[in-house]
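**Q** Let me give you the structure first, and then I'll get to my questions.
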Amino acid sequence: MGSYASDPVTAQVTAVASPSPASSPPRPLRLSVNGAMRTVQASPDTPLLYVLRDELGLRGPRFGCGLGQCGACTVHLDGVAVRSCVLPVAAVGDRPVTTLEGLGSLDRLHPVQQAFIAEQATQCGYCVNGWIMTTAAFLAKTPDPTDAEIRSALSGLICRCGAHMRILRAVRRAAQHRG
Amino acid sequence: MTSTALSRRQFLKTSGAVVVAFTVPAFAGSREQAAGAAPAVTGVPDASQLDSWLAIAQDGTVTVFTDKVELGMGVSTAFAQIVAEELDVPFGVVSVVMGDTARTPDQGGVGGSTSISVGAVPVRQAAAEARRLLLNLASARLGVPVEQVAVRDGVVRRVDDPTKAVSYGELIGGRRFNVTLTTTGGSYNLGVAGTARPKSPDQYKIVGTPVPRIDVPAKATATFTYIVDVRVPGMVHGRVIRPPVPGARLVRVEGAQGVPGLLKVVTKGDFVGVVAQAEWQVIQATQKLKVTWSTSTPAWPKMADLYDAMWAMSPSTRRVMAQVGDVDAALASAPRTIEARYGWPFQSHAMMGPSCAVADVGDGRATVWSSTQHPHQLQHGIADLLGVAPNAVHVIWVEGAGSYGRAGAEDAAADAALLSQAVGRPVRVQWTRADETGWDPKGPPVVVSVRAGVDERGNVVAWDYVARGVSGSGIPAGASTGGSMLAGQLSGLSVHGLDVPTVVQENYVFPAKRKTGEIVPWPQEGSPLRTSNLRAPSQPATTFGGESFVDEMAAALRVDPVEFRLRYLRSPRDVAVVQAAVQHAGWVSRPSPRADIPRVGLAVGRGFAYSPRGNTVLATVAEVEVNQATGQVHVTRFVIAHDCGLIVNPDGLRGTIEANLIQSTSRALKEEVGFRPSGVTSVDWASYPILGMPEVPDRIEIVLINHPELPPYGAGEPASVATAPAIANAIFDATGARLRAVPFTPERVKAALQSRVWPLS
């Protein structure tokens with residue numbers, strides 16, 4: 001599972017490695033978010049999380065640590081799960097961004113959302129975005145995972161309430177329904 | 001009838017799918033708030049008015065108002081079940097408004113696993129009374145005595161002619177009942193009653209069933225409103241900067257010039273806050289500011305010496321909580337005594353989402369959106385902080401991340417209030433990870449010391465138990481004064497410390513027995529090591545001491561630890577829960593430690609612990625693997641038997657118990673707040689690690705014991721209290737090494753393993 005893309009260390013390196021354009025004047029950036037082109041005013045070094053939440057009004061990705069440690073802010077960047085709290089918006093480029101809202105909706109649930117609801121796999125649910133988005137990206141590459149593969153793939157995520165057992169059941173259910 | 005028929009059709013249409021339950025707004029308050037429509041400031045609703053508790057709309061939908069709030073365990077769903085049951089309406093038409101000082105009666109907020117056992121009682125009474133009144137109205141409308149009508153799904157029909165019918169919506173829809181209830185008690189113990197008698201449990205059709213939680217579909221699709229999602233017109237963003245150590249005084253703040261978007265740097269005493277137009281701007285501004293503090297050395301012992309230091313201090317409070325017989329005489333004459341001491345560290349709530357609040361202060365009034373567990377107390381706390389009358393403050397609860405006690409929510413609300421007051425605009429304060437983990441009020445450390453006397457036949461003749469904590473709950477659970485919040489303390493208000501000695505709950509029958517709670521002084525003001533309630537406040541610690549010690553006694557007497565406990569338990573529910581757990585686990589009677597412990601490599605064992613919490617009782621069996629080379633402990637299996645009286649929602653209950661076992665395993669194996677003279681060193685998930693997916697148990701098996709003849713007791717906290725001793729006892733069984741301090745880190749486990757003397761006795 002070494003290739004797993006939402007590794008927080010990788011995400012942090014991305015953030016550190018990007019140039020620091022803090023002083024450059026804001027110019028509109030174009031982003032593809034949930035299938036639509038959006039223009040945003042944020043400065044280029046603004047982490048994608050704040051752009052998605054504060055400018056575009058999206059609620060799926062949530063602030064948990066701002067350090068790439070917990071995964072509550074996870075979004076898909078061209079299908080790869082990344083941590084939006086440490087990704088400067090300028091680094092997104094033309095890669096399409098998908099948030100939990102874009103993954104599926106109440107009337108058109110993604111199989112992973114369906115499975116999390118069926119298994120009632122939350123307590124407070126604050127972290128659930130990270131688990132669903134990471135699971136969706138993981139199952140897209142590994143449609144028939146073993147339990148050990150699931151645990152390893154989800155090892156970089158945090159749930160303070162301890163909903164892990166139901167999350168594991170939800171991931172297994174989603175894998176079965178996909179397969 | 002039309003409106004009810006319509007709403008029933010809507011309900012049936014949607015009730016086939018899980019998503020449907022949520023088409024009814026579960027948190028009407030949150031939605032309105034998100035739209036920015038702050039309701040006018042009014043007084044607290046009158047609990048004696050039925051209309052303060054529930055409202056029925058023309059379409060038959062029912063709204064319930066309660067001060068109890070959802071912490072992620074499904075309480076809102078349980079409230080909807082209870083009201084649907086008493087009113088005889090479909091579950092799906094009930095929505096729940098929680099924790100709004102202008103809309104919900106004061107029930108004292110949430111704590112102690114009492115939301116259902118205490119908080120739902122007046123709601124149930126109000127719903128029963130509403131049903132009685134509605135049947136009387138229907139009887140008049142349908143022209144037959146009330147005995148000759150029957151209600152189902154919110155439609156009342158004549159028994160002799162079911163085509164003659166009238167719906168609740170037609171009878172009262174959109175209008176007030178204007179009925180006064182009898183009230184008893186107040187705040188936490190508020191009760192109300194009309195003349196109706198709530199249903200008896202044998203009539204229940206909705207209570208007791210595993211209906212899906214009303215909040216999960218929205219949470220899984222990002223349509224739910226959390227506190228972090230609240231946006232109000234004109235809102236700007238705030239952050240706070242804390243002193244590095246308690247006692248450090250603010251000297252100066254520099255570097256504010258030219259920071260993009262910066263609106264104001266706010267200081268008040270040692271409180272420092274920053275307000276900027278956009279969130280990223282305020283984050284950058286806090287990083288660019290140069291804040292100078294005076295030096296300070298906190299009066300903390302060395303972290304490694306914490307328990308010895310606490311034990312060496314003179315208690316400021318000592319209270320004997322229970323006493324049977326002459327303990328001192330029995331100990332003095334006992335042929336054998338056994339003694340041990342246990343330590344439990346500072347632990348953080350480490351809330352998943354750092355605290356967040358929005359405040360709109362101006363013109364002598366304030367509206368505050370907060371994930372507080374105590375909206376009505378916070379109303380008074382904010383009023384005190386701002387110097388305005390309580391009825392000029394409107395606190396609106398919006399769900400946050402699972403808080404599990406007094407985390408940072410109230411402090412963030414105070415931060416937002418001070419900043420909004422300073423800039424005259426609505427301010428949203430989002431704490432950082434370091435603010436939350438580093439500065440939440442901590443679960444306090446506890447030292448437990450137990451001494452027992454045993455006679456020649458191996459009977460316990462005396463039991464002397466002491467639990468020593470620090471300054472009780474230094475921060476009251478409900479922030480009803482300005483000084484009980486960090487911003488208040490830093491700006492010069494004094495904290496009103498509480499000295500509430502803590503003690504263990506157990507029901508062992510020993511001929512002589514004493515339980516003592518002690519408090520030693522601990523500096524609380526403006527400190528990252530201030531303490532307050534963390535899930536099942538201090539009982540994980542006190543039960544860790546008690547149930548580890550019972551195990552040590554059983555081991556010293558070479559008796560199976562379950563058999564040993566059953567010799568001294570008399571309460572039928574205690575005995576039943578112990579037996580249910582061991583039967584399900586396939587427990588084989590033998591003393592601990594096991595006879596065939598390998599000196600190296602993987603060791604496996606089983607451990608047991610039992611405890612009451614309030615009127616709930618539970619028993620936990622842990623099976624562990626101990627890697628004797630690394631000191632790593634892995635729980636392979638938990639079995640828990642859990643009796644919380646009447647079960648309202650078995651699936652919700654299982655989810656909460658399962659999560660509680662995992663969180664308490666995390667606390668037992670990993671969690672300890674680090675500190676040095678330079679401050680708290682646990683500030684994020686790397687420096688305060690919790691249990692992750694690779695480490696969670698392989699299996700959790702839950703045995704629910706339902707008692708329909710009893711009231712529903714609490715379930716939010718109890719399953720957490722026996723986990724640490726069950727694991728410690730299992731480690732002892734597997735290896736012969738006794739862990740007397742939490743957490744059971746690899747270093748501690750290795751040290752305990754190395755201190756074994758072979759052959760083990």
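Order determines the names: the first chain of the structure tokens is A, the second B, and so forth; residues in each chain are numbered 1 upward, and ligands are numbered 1 upward as they are shown.
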For a quick test of understanding: name the residues of chain B lying within 8 Å of chain A when counting only C-alpha atoms, and present them as an MDAnalysis selection string.
**A** chainID B and resid 18:19 71:74 212:213 216:223 229 279:280 350:354 400:402 432:433 655:656 658:663 684:686 690 692:694 696 700
**Q** Can I get the selected residues back with N, CA and C atoms, as a short mmCIF file (atom, residue, chain, number, x, y, z; two decimals), in the first residue's frame?
**A**
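After the write, result.cif holds the following:
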data_model
loop_
_atom_site.label_atom_id
_atom_site.label_comp_id
_atom_site.auth_asym_id
_atom_site.auth_seq_id
_atom_site.Cartn_x
_atom_site.Cartn_y
_atom_site.Cartn_z
N VAL B 18 -33.38 4.86 3.32
CA VAL B 18 -32.82 5.44 4.54
C VAL B 18 -32.82 6.97 4.45
N VAL B 19 -32.69 7.47 3.23
CA VAL B 19 -32.57 8.91 3.07
C VAL B 19 -33.81 9.66 3.52
N LEU B 71 -24.49 14.67 20.53
CA LEU B 71 -23.03 14.63 20.57
C LEU B 71 -22.50 13.56 19.62
N GLY B 72 -23.35 13.05 18.77
CA GLY B 72 -22.89 12.06 17.81
C GLY B 72 -23.22 10.64 18.20
N MET B 73 -24.01 10.48 19.26
CA MET B 73 -24.34 9.13 19.71
C MET B 73 -25.78 8.74 19.36
N GLY B 74 -26.48 9.62 18.68
CA GLY B 74 -27.82 9.26 18.22
C GLY B 74 -28.94 9.67 19.16
N PRO B 212 -32.90 3.71 11.81
CA PRO B 212 -31.63 4.37 11.43
C PRO B 212 -31.58 5.79 11.97
N ARG B 213 -30.39 6.24 12.26
CA ARG B 213 -30.22 7.60 12.79
C ARG B 213 -30.62 8.65 11.77
N VAL B 216 -27.40 10.56 9.88
CA VAL B 216 -26.31 9.93 9.14
C VAL B 216 -26.34 10.22 7.63
N PRO B 217 -27.51 10.13 6.96
CA PRO B 217 -27.47 10.40 5.51
C PRO B 217 -26.93 11.79 5.18
N ALA B 218 -27.33 12.79 5.94
CA ALA B 218 -26.84 14.15 5.65
C ALA B 218 -25.35 14.26 5.94
N LYS B 219 -24.91 13.57 6.97
CA LYS B 219 -23.49 13.62 7.29
C LYS B 219 -22.65 12.92 6.22
N ALA B 220 -23.20 11.89 5.62
CA ALA B 220 -22.46 11.15 4.60
C ALA B 220 -22.49 11.83 3.24
N THR B 221 -23.29 12.89 3.12
CA THR B 221 -23.41 13.56 1.82
C THR B 221 -23.10 15.05 1.89
N ALA B 222 -22.55 15.49 3.03
CA ALA B 222 -22.12 16.88 3.17
C ALA B 222 -23.28 17.87 3.11
N THR B 223 -24.48 17.44 3.47
CA THR B 223 -25.60 18.38 3.54
C THR B 223 -25.93 18.74 4.99
N ASP B 229 -19.82 25.11 9.77
CA ASP B 229 -20.50 25.53 8.54
C ASP B 229 -21.34 26.79 8.72
N GLU B 279 -10.28 33.85 6.06
CA GLU B 279 -9.73 32.87 6.99
C GLU B 279 -8.23 32.67 6.80
N TRP B 280 -7.79 32.56 5.56
CA TRP B 280 -6.36 32.36 5.31
C TRP B 280 -5.56 33.60 5.74
N ALA B 350 -9.18 16.04 22.82
CA ALA B 350 -8.67 15.94 21.45
C ALA B 350 -9.83 15.83 20.45
N MET B 351 -10.72 16.79 20.55
CA MET B 351 -11.89 16.78 19.69
C MET B 351 -11.46 16.75 18.22
N MET B 352 -12.15 15.93 17.44
CA MET B 352 -11.78 15.75 16.02
C MET B 352 -11.77 17.07 15.26
N GLY B 353 -12.78 17.88 15.46
CA GLY B 353 -12.81 19.20 14.85
C GLY B 353 -12.49 20.21 15.94
N PRO B 354 -11.40 20.94 15.80
CA PRO B 354 -11.09 21.94 16.81
C PRO B 354 -12.28 22.89 17.03
N GLY B 400 -21.20 20.05 16.82
CA GLY B 400 -19.77 20.06 16.50
C GLY B 400 -19.26 18.65 16.39
N ALA B 401 -17.95 18.52 16.39
CA ALA B 401 -17.36 17.19 16.48
C ALA B 401 -17.65 16.65 17.88
N GLY B 402 -17.59 15.33 18.03
CA GLY B 402 -17.88 14.71 19.32
C GLY B 402 -17.00 15.31 20.41
N THR B 432 -7.13 26.31 16.18
CA THR B 432 -6.21 25.43 15.48
C THR B 432 -6.16 24.09 16.20
N ARG B 433 -5.47 23.14 15.57
CA ARG B 433 -5.26 21.85 16.23
C ARG B 433 -4.52 22.05 17.56
N GLY B 655 -23.78 0.90 18.34
CA GLY B 655 -22.79 1.79 17.72
C GLY B 655 -22.06 2.61 18.77
N THR B 656 -22.80 3.10 19.76
CA THR B 656 -22.18 3.91 20.80
C THR B 656 -21.28 3.08 21.69
N GLU B 658 -19.72 0.25 20.91
CA GLU B 658 -18.56 -0.15 20.11
C GLU B 658 -17.53 0.99 20.04
N ALA B 659 -18.03 2.19 19.72
CA ALA B 659 -17.14 3.34 19.61
C ALA B 659 -16.53 3.69 20.96
N ASN B 660 -17.32 3.55 21.99
CA ASN B 660 -16.84 3.85 23.34
C ASN B 660 -15.71 2.89 23.73
N LEU B 661 -15.84 1.64 23.36
CA LEU B 661 -14.78 0.66 23.66
C LEU B 661 -13.50 1.04 22.92
N ILE B 662 -13.63 1.49 21.68
CA ILE B 662 -12.43 1.86 20.93
C ILE B 662 -11.80 3.12 21.51
N GLN B 663 -12.63 4.12 21.82
CA GLN B 663 -12.06 5.35 22.40
C GLN B 663 -11.40 5.06 23.75
N ASP B 684 -0.80 18.10 18.80
CA ASP B 684 -1.39 17.66 17.54
C ASP B 684 -1.50 16.14 17.56
N TRP B 685 -1.81 15.53 16.41
CA TRP B 685 -2.02 14.08 16.39
C TRP B 685 -0.70 13.32 16.42
N ALA B 686 0.40 13.99 16.14
CA ALA B 686 1.70 13.32 16.25
C ALA B 686 2.18 13.29 17.69
N ILE B 690 -3.64 8.84 18.96
CA ILE B 690 -4.75 8.02 19.43
C ILE B 690 -4.81 6.75 18.59
N GLY B 692 -5.42 4.07 15.96
CA GLY B 692 -5.71 4.16 14.53
C GLY B 692 -6.24 2.84 13.99
N MET B 693 -6.61 2.87 12.72
CA MET B 693 -7.26 1.71 12.11
C MET B 693 -6.46 0.41 12.24
N PRO B 694 -5.12 0.44 12.06
CA PRO B 694 -4.40 -0.84 12.19
C PRO B 694 -4.43 -1.39 13.62
N VAL B 696 -7.05 -1.01 15.98
CA VAL B 696 -8.34 -1.27 16.63
C VAL B 696 -8.54 -2.78 16.77
N ILE B 700 -15.31 -7.02 18.19
CA ILE B 700 -16.04 -6.54 19.37
C ILE B 700 -17.40 -7.23 19.37
#
**Q** May I have the residues within 6 Å of region 704-710 of chain B as a compact mmCIF listing (two decimals) with N, CA, C and O atoms, in the first residue's frame, using only C-alpha atoms and disregarding those fewer than 4 positions away in the same chain?
**A**
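Output saved as result.txt:
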# COMPACT_ATOMS: atom_id res chain seq x y z
N ALA B 641 -20.92 -7.11 28.10
CA ALA B 641 -22.35 -7.24 28.41
C ALA B 641 -22.78 -5.93 29.04
O ALA B 641 -22.07 -5.38 29.90
N HIS B 642 -23.90 -5.39 28.59
CA HIS B 642 -24.27 -4.00 28.89
C HIS B 642 -25.75 -3.95 29.24
O HIS B 642 -26.60 -4.37 28.46
N ASP B 643 -26.05 -3.45 30.43
CA ASP B 643 -27.42 -3.34 30.91
C ASP B 643 -27.68 -1.88 31.27
O ASP B 643 -27.19 -1.40 32.29
N GLY B 645 -30.92 -0.68 31.41
CA GLY B 645 -32.37 -0.61 31.60
C GLY B 645 -33.09 -0.82 30.28
O GLY B 645 -32.68 -1.66 29.46
N LEU B 646 -34.15 -0.04 30.06
CA LEU B 646 -34.89 -0.12 28.79
C LEU B 646 -34.02 0.39 27.64
O LEU B 646 -33.42 1.46 27.74
N ILE B 647 -33.98 -0.38 26.57
CA ILE B 647 -33.21 0.04 25.39
C ILE B 647 -34.14 0.77 24.43
O ILE B 647 -35.17 0.24 24.01
**Q** Residues within 10 Å of Leu529 (chain B), please, as a list in words. Count only C-alpha atoms; anything in the same chain fewer than 6 positions from it doesn't count.
**A**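 Skipping anything fewer than 6 positions along the chain leaves Val245, Pro246, Trp300, Phe346, Gln347, Ser348, Gly438, Trp439, Asp440, Pro441, Lys442, Gly443, Pro444, Gly474, Trp522, Pro523, Val673, Gly674, Phe675, Gly679 and Val680 of chain B.
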**Q** Check the smallest atom-to-atom distance from each of B:Phe271, B:Thr114, B:Gly154, B:Val395 to Asp100 (chain B) using only C-alpha atoms, then report the winner.
**A**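 Distance minimum relative to Asp100 (chain B) lands on B:Val395.
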**Q** One decimal, Å: what's the distance from CA of Asp384 (chain B) over to CA of Leu534 (chain B), could you say?
**A** 24.9 Å
**Q** Which value, in Å to one decimal, gives the distance between CA of Ser316 (chain B) and CA of Gly614 (chain B)?
**A**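 One can read the CA of Ser316 (chain B) to CA of Gly614 (chain B) distance as 26.4 Å.
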**Q** For Gly169 (chain B), please output as an NGL selection string all residues within 6 Å (counting only C-alpha atoms; exclusion window: fewer than 5 positions along the same chain).
**A** :B and (57-60)
**Q** List the spatial neighbours of Trp463 (chain B) as a list of chain:residue names - criterion: any atom at most 9 Å away, only C-alpha atoms, same-chain residues fewer than 4 positions off excluded.
**A**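 Counting only the stated atoms, we get B:Val327, B:Ala330, B:Leu331, B:Val450, B:Arg451, B:Ala452, B:Gly453, B:Phe510, B:Pro511, B:Ala512, B:Lys513, B:Arg514, B:Lys515.
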**Q** From region 128-369 of chain B, collect each residue whose DSSP state is helix (DSSP H, G or I) and return the set as a VMD selection string.
**A** chain B and resid 128 to 142 146 to 148 168 to 172 187 to 189 201 to 203 216 to 220 227 to 229 279 to 288 303 to 312 327 to 333
**Q** What's the 12 Å shell around Arg38 (chain A), counting only C-alpha atoms, without same-chain residues fewer than 6 positions away, as a PyMOL selection string?
**A** chain A and resi 28-32+51-52+55-57+94+96-97
